[in-house]
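*Asks:* Pasting a structure here, questions to come.
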Amino acid sequence: MPCASERHEPARHDPVYAALDLGTNNCRLLIARREHRARRKSDMLRVVDAFSRIVRLGEGVSQARRISEGAIERTLAALDICRDKMSARGVTRARLVATQACRAAENGEEFVQRVLDRTGLELEIIDRETEARYAARGCGALADPQADSVLLFDIGGGSTELVWLARAAGAAGFELRHWTSLEIGVVSLAEHYGGRSVDATTFAAMTERALAALSPFAAMTAVERRCQRFHLLGTSGTVTTLAGVHLGLERYDRWRVDGLWLSDEDATKAIDLLRAMDFDQRSANGCIGPQRADLVLAGCAIFEAIRSVFPAARTRIADRGLREGILLELMEEDGLRASER
């Protein structure tokens, strides 16, 4: 996806779109306009601005079933920044969504109202199917077009979405054949087992829990065809971190990570490298940092379970997903309205 320089402002007549993804761990905003001269056919977005902050909105929700006051204050501070960026960029249409933390918390709706009162932003708590659909729309262009089927996965903070994409009969591209959302994510898993010090026994226990959660979806997709080009398509901090570690990056670089093919062997080596690091070493790594050092091994355990249940020779890494899916659908909806007029 080509990124506009800060000097390039969208023309006044060109709509500016925003998508906000408030998850269990991160608050992420993407502001873009339609790309009229994309470098690749799959690229339709020209990024105008972006923002990401770890807020840990879902901290403790798996136990207390409520969003804590500290998490609310951290998130409100991040949303204040998002509101100001949207205003400064002249956003004309937006969709702002909240996912698992707000779905699971007893005070999720109360939090949404508090956000509206404080920032003027209207958050929408989306269901699991909508979350999976947006993720598929956002990164589906990275799927190998020659494959008969692809397993897309998004390892989040409080949930993990899986989507089985199959080649559409008589049409180009893929269709969403099956999907599921597992109530297991890096935050909930790390809170249950601990994330700072993860020995072999703890890692195995995390993986076993993920395997159990995956079992129903494995049964559902057992009859689906898997050709030689079958592969995994991962979008989340876990797989982008593994890609950065595999590449030996001193600092994370999305332009080198997005679209990278990671072999099964290289994925294993990257996971082993992370497991060999202690907490301080993970904190000091430029692709992880102190805010995610206690979560990344929980994500690796979930990824290990996915690789075990759905073996594939390669995984494609996507540093794109839900936000891009929202933006593409907003733009397409506006394009349909224009054509109808």
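Residues in the structure tokens are named by chain (A, B, ... in the order shown) and by number from 1 within that chain; ligands are numbered from 1 in the order shown.
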Need to verify the contact set: A:Gln291, 10 Å, only C-alpha atoms, exclusion of same-chain residues closer than 2 positions in sequence. Can you return it as a list of chain:residue names?
*Replies:* A:Asn25, A:Arg53, A:Ile54, A:Val55, A:Arg56, A:Arg282, A:Ser283, A:Ile288, A:Gly289, A:Ala293, A:Asp294, A:Leu295, A:Val296
*Asks:* Go ahead and write the residues just picked, C-alpha atoms, as a JSON list (two decimals), in the first residue's frame.
*Replies:*
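Contents of selection_29.json, freshly written:
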```json
[["chain", "number", "residue", "atom", "x", "y", "z"],
["A", 25, "ASN", "CA", -4.36, -4.40, 23.52],
["A", 53, "ARG", "CA", -0.78, 3.04, 20.87],
["A", 54, "ILE", "CA", -0.79, 0.11, 23.27],
["A", 55, "VAL", "CA", -3.58, 0.86, 25.76],
["A", 56, "ARG", "CA", -4.34, -2.60, 27.19],
["A", 282, "ARG", "CA", 12.57, -9.26, 24.54],
["A", 283, "SER", "CA", 11.98, -5.77, 25.95],
["A", 288, "ILE", "CA", 9.00, -6.13, 20.40],
["A", 289, "GLY", "CA", 9.66, -3.47, 23.06],
["A", 293, "ALA", "CA", 7.51, -8.34, 25.87],
["A", 294, "ASP", "CA", 5.13, -10.18, 28.19],
["A", 295, "LEU", "CA", 2.65, -10.99, 25.40],
["A", 296, "VAL", "CA", 4.65, -12.16, 22.42]]
```
*Asks:* How would you write, as a VMD selection string, the set of residues in stretch 103-266 of chain A that DSSP gives as helix (DSSP H, G or I)?
*Replies:* chain A and resid 103 to 104 108 to 119 128 to 142 186 to 193 200 to 220 237 to 247 254 to 257 264 to 266
*Asks:* Rank nothing, just name the residue among A:Arg74, A:Arg167, A:Val150, A:Ile67 nearest to A:Val112, using only C-alpha atoms.
*Replies:*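 Closest candidate: A:Ile67.
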*Asks:* For A:Glu124, which residue among A:Cys300, A:Val245, A:Leu151, A:Leu22 is the nearest when counting only C-alpha atoms?
*Replies:*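 Comparing A:Cys300, A:Val245, A:Leu151, A:Leu22 against A:Glu124, the winner is A:Leu22.
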*Asks:* Which one of A:Val91, A:Val187, A:Ala313, A:Leu165 sits closest to A:Gly23 if you count only C-alpha atoms?
*Replies:*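 Smallest separation from A:Gly23 among the options: A:Val187.
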*Asks:* Tell me which of A:Ala78, A:Met331, A:Cys102, A:Ala301 sits closest to A:Thr201, counting only C-alpha atoms.
*Replies:*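 That would be A:Ala301, the residue with the smallest distance to A:Thr201.
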*Asks:* Do a neighbour search on stretch 29-33 of chain A at 7 Å with only C-alpha atoms, toss out local chain neighbours closer than 4 positions, and write the hits as a PDB file with N, CA and C atoms, in the first residue's frame.
*Replies:*
```
ATOM      1  N   PRO A  15     -12.801  12.573  -0.926  1.00  0.00           N
ATOM      2  CA  PRO A  15     -13.172  12.197   0.445  1.00  0.00           C
ATOM      3  C   PRO A  15     -11.989  11.620   1.217  1.00  0.00           C
ATOM      4  N   VAL A  16     -11.964  11.883   2.503  1.00  0.00           N
ATOM      5  CA  VAL A  16     -10.937  11.348   3.393  1.00  0.00           C
ATOM      6  C   VAL A  16     -11.631  10.415   4.381  1.00  0.00           C
ATOM      7  N   TYR A  17     -11.126   9.195   4.486  1.00  0.00           N
ATOM      8  CA  TYR A  17     -11.762   8.159   5.293  1.00  0.00           C
ATOM      9  C   TYR A  17     -10.897   7.824   6.501  1.00  0.00           C
ATOM     10  N   ALA A  18     -11.550   7.385   7.567  1.00  0.00           N
ATOM     11  CA  ALA A  18     -10.824   6.952   8.760  1.00  0.00           C
ATOM     12  C   ALA A  18     -11.397   5.637   9.257  1.00  0.00           C
ATOM     13  N   ALA A  19     -10.525   4.778   9.737  1.00  0.00           N
ATOM     14  CA  ALA A  19     -10.932   3.526  10.386  1.00  0.00           C
ATOM     15  C   ALA A  19     -10.174   3.423  11.699  1.00  0.00           C
ATOM     16  N   LEU A  20     -10.898   3.146  12.762  1.00  0.00           N
ATOM     17  CA  LEU A  20     -10.282   2.985  14.068  1.00  0.00           C
ATOM     18  C   LEU A  20     -10.605   1.597  14.594  1.00  0.00           C
ATOM     19  N   ASP A  21      -9.579   0.919  15.043  1.00  0.00           N
ATOM     20  CA  ASP A  21      -9.696  -0.437  15.596  1.00  0.00           C
ATOM     21  C   ASP A  21      -9.258  -0.384  17.047  1.00  0.00           C
ATOM     22  N   LEU A  45      -5.581   2.181  -1.376  1.00  0.00           N
ATOM     23  CA  LEU A  45      -5.558   3.177  -0.317  1.00  0.00           C
ATOM     24  C   LEU A  45      -4.297   4.020  -0.383  1.00  0.00           C
ATOM     25  N   ARG A  46      -4.467   5.314  -0.190  1.00  0.00           N
ATOM     26  CA  ARG A  46      -3.324   6.212  -0.028  1.00  0.00           C
ATOM     27  C   ARG A  46      -3.381   6.727   1.405  1.00  0.00           C
ATOM     28  N   VAL A  47      -2.438   6.299   2.221  1.00  0.00           N
ATOM     29  CA  VAL A  47      -2.455   6.646   3.634  1.00  0.00           C
ATOM     30  C   VAL A  47      -2.142   8.124   3.812  1.00  0.00           C
ATOM     31  N   VAL A  48      -2.974   8.787   4.590  1.00  0.00           N
ATOM     32  CA  VAL A  48      -2.793  10.202   4.912  1.00  0.00           C
ATOM     33  C   VAL A  48      -2.173  10.346   6.298  1.00  0.00           C
ATOM     34  N   ASP A  49      -2.601   9.523   7.231  1.00  0.00           N
ATOM     35  CA  ASP A  49      -2.083   9.597   8.595  1.00  0.00           C
ATOM     36  C   ASP A  49      -2.395   8.275   9.299  1.00  0.00           C
ATOM     37  N   ALA A  50      -1.656   8.000  10.345  1.00  0.00           N
ATOM     38  CA  ALA A  50      -1.876   6.776  11.114  1.00  0.00           C
ATOM     39  C   ALA A  50      -1.439   7.012  12.546  1.00  0.00           C
ATOM     40  N   PHE A  51      -1.991   6.210  13.437  1.00  0.00           N
ATOM     41  CA  PHE A  51      -1.659   6.318  14.865  1.00  0.00           C
ATOM     42  C   PHE A  51      -1.858   4.954  15.497  1.00  0.00           C
ATOM     43  N   SER A  52      -0.962   4.582  16.397  1.00  0.00           N
ATOM     44  CA  SER A  52      -1.087   3.318  17.118  1.00  0.00           C
ATOM     45  C   SER A  52      -0.522   3.495  18.516  1.00  0.00           C
ATOM     46  N   CYS A  82      -6.654  10.492  18.534  1.00  0.00           N
ATOM     47  CA  CYS A  82      -7.315  10.049  17.302  1.00  0.00           C
ATOM     48  C   CYS A  82      -8.323  11.088  16.818  1.00  0.00           C
ATOM     49  N   ARG A 323      -8.462  -2.580   9.833  1.00  0.00           N
ATOM     50  CA  ARG A 323      -8.637  -1.160   9.455  1.00  0.00           C
ATOM     51  C   ARG A 323      -8.698  -0.993   7.940  1.00  0.00           C
TER      52      ARG A 323
END
```
*Asks:* Of the candidates A:Leu233, A:Glu59, A:Ala141, A:Ala190, which one gets nearest to A:Phe203 if we count only C-alpha atoms?
*Replies:* A:Ala190
*Asks:* Fewer than 5 positions away in the same chain doesn't count, so skip those; otherwise give me all residues within 12 Å of A:Thr202, counting only C-alpha atoms, as a list of chain:residue names.
*Replies:*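 Near neighbours after the sequence-gap exclusion: A:Leu189, A:Ala190, A:His192, A:Tyr193, A:Gly194, A:Gly195, A:Arg196, A:Ser197, A:Thr207, A:Glu208, A:Arg209, A:Arg275, A:Leu297, A:Ala298, A:Ala301.
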*Asks:* What's around A:Asp266 at 10 Å? Count only C-alpha atoms, leave out sequence neighbours fewer than 4 positions away in its own chain, and write the answer as number ranges by chain.
*Replies:* A: 242-243, 246-247, 261-262, 270-272, 314-315
*Asks:* Quick one: write out the picked residues with N, CA, C and O atoms as a short mmCIF file (atom, residue, chain, number, x, y, z; two decimals), in the first residue's frame?
*Replies:*
```cif
data_model
loop_
_atom_site.label_atom_id
_atom_site.label_comp_id
_atom_site.auth_asym_id
_atom_site.auth_seq_id
_atom_site.Cartn_x
_atom_site.Cartn_y
_atom_site.Cartn_z
N LEU A 242 7.45 -11.89 14.52
CA LEU A 242 8.26 -13.03 14.08
C LEU A 242 8.97 -12.71 12.76
O LEU A 242 10.13 -13.10 12.57
N ALA A 243 8.28 -12.02 11.87
CA ALA A 243 8.91 -11.64 10.60
C ALA A 243 10.09 -10.70 10.85
O ALA A 243 11.15 -10.84 10.23
N HIS A 246 12.93 -12.72 12.25
CA HIS A 246 13.49 -13.53 11.16
C HIS A 246 14.42 -12.69 10.28
O HIS A 246 15.51 -13.16 9.89
N LEU A 247 14.03 -11.48 10.00
CA LEU A 247 14.83 -10.60 9.14
C LEU A 247 16.00 -9.96 9.89
O LEU A 247 16.86 -9.34 9.26
N TRP A 261 6.95 -13.74 2.70
CA TRP A 261 6.68 -15.17 2.81
C TRP A 261 7.64 -15.76 3.84
O TRP A 261 8.85 -15.61 3.72
N LEU A 262 7.10 -16.43 4.85
CA LEU A 262 7.90 -17.05 5.90
C LEU A 262 7.73 -18.56 5.79
O LEU A 262 6.61 -19.08 5.90
N ALA A 270 12.40 -18.60 14.16
CA ALA A 270 12.08 -17.31 14.77
C ALA A 270 11.42 -17.51 16.14
O ALA A 270 11.73 -16.79 17.10
N ILE A 271 10.52 -18.48 16.24
CA ILE A 271 9.88 -18.77 17.52
C ILE A 271 10.93 -19.25 18.53
O ILE A 271 10.92 -18.83 19.70
N ASP A 272 11.84 -20.11 18.09
CA ASP A 272 12.89 -20.59 18.99
C ASP A 272 13.78 -19.45 19.47
O ASP A 272 14.21 -19.44 20.64
N ARG A 314 4.33 -22.66 4.14
CA ARG A 314 4.67 -21.24 4.22
C ARG A 314 3.52 -20.45 4.82
O ARG A 314 2.35 -20.85 4.77
N THR A 315 3.89 -19.31 5.36
CA THR A 315 2.94 -18.34 5.91
C THR A 315 3.23 -16.99 5.29
O THR A 315 4.38 -16.55 5.26
#
```
*Asks:* Would you mind telling me which residue in A:Glu73, A:Glu131, A:Asp148, A:Glu250 lies nearest to A:Ala169 when using only C-alpha atoms?
*Replies:* A:Asp148
*Asks:* What's the 9 Å shell around A:Ala210, counting only C-alpha atoms, without same-chain residues fewer than 6 positions away, as an MDAnalysis selection string?
*Replies:* chainID A and resid 182 184 301:306
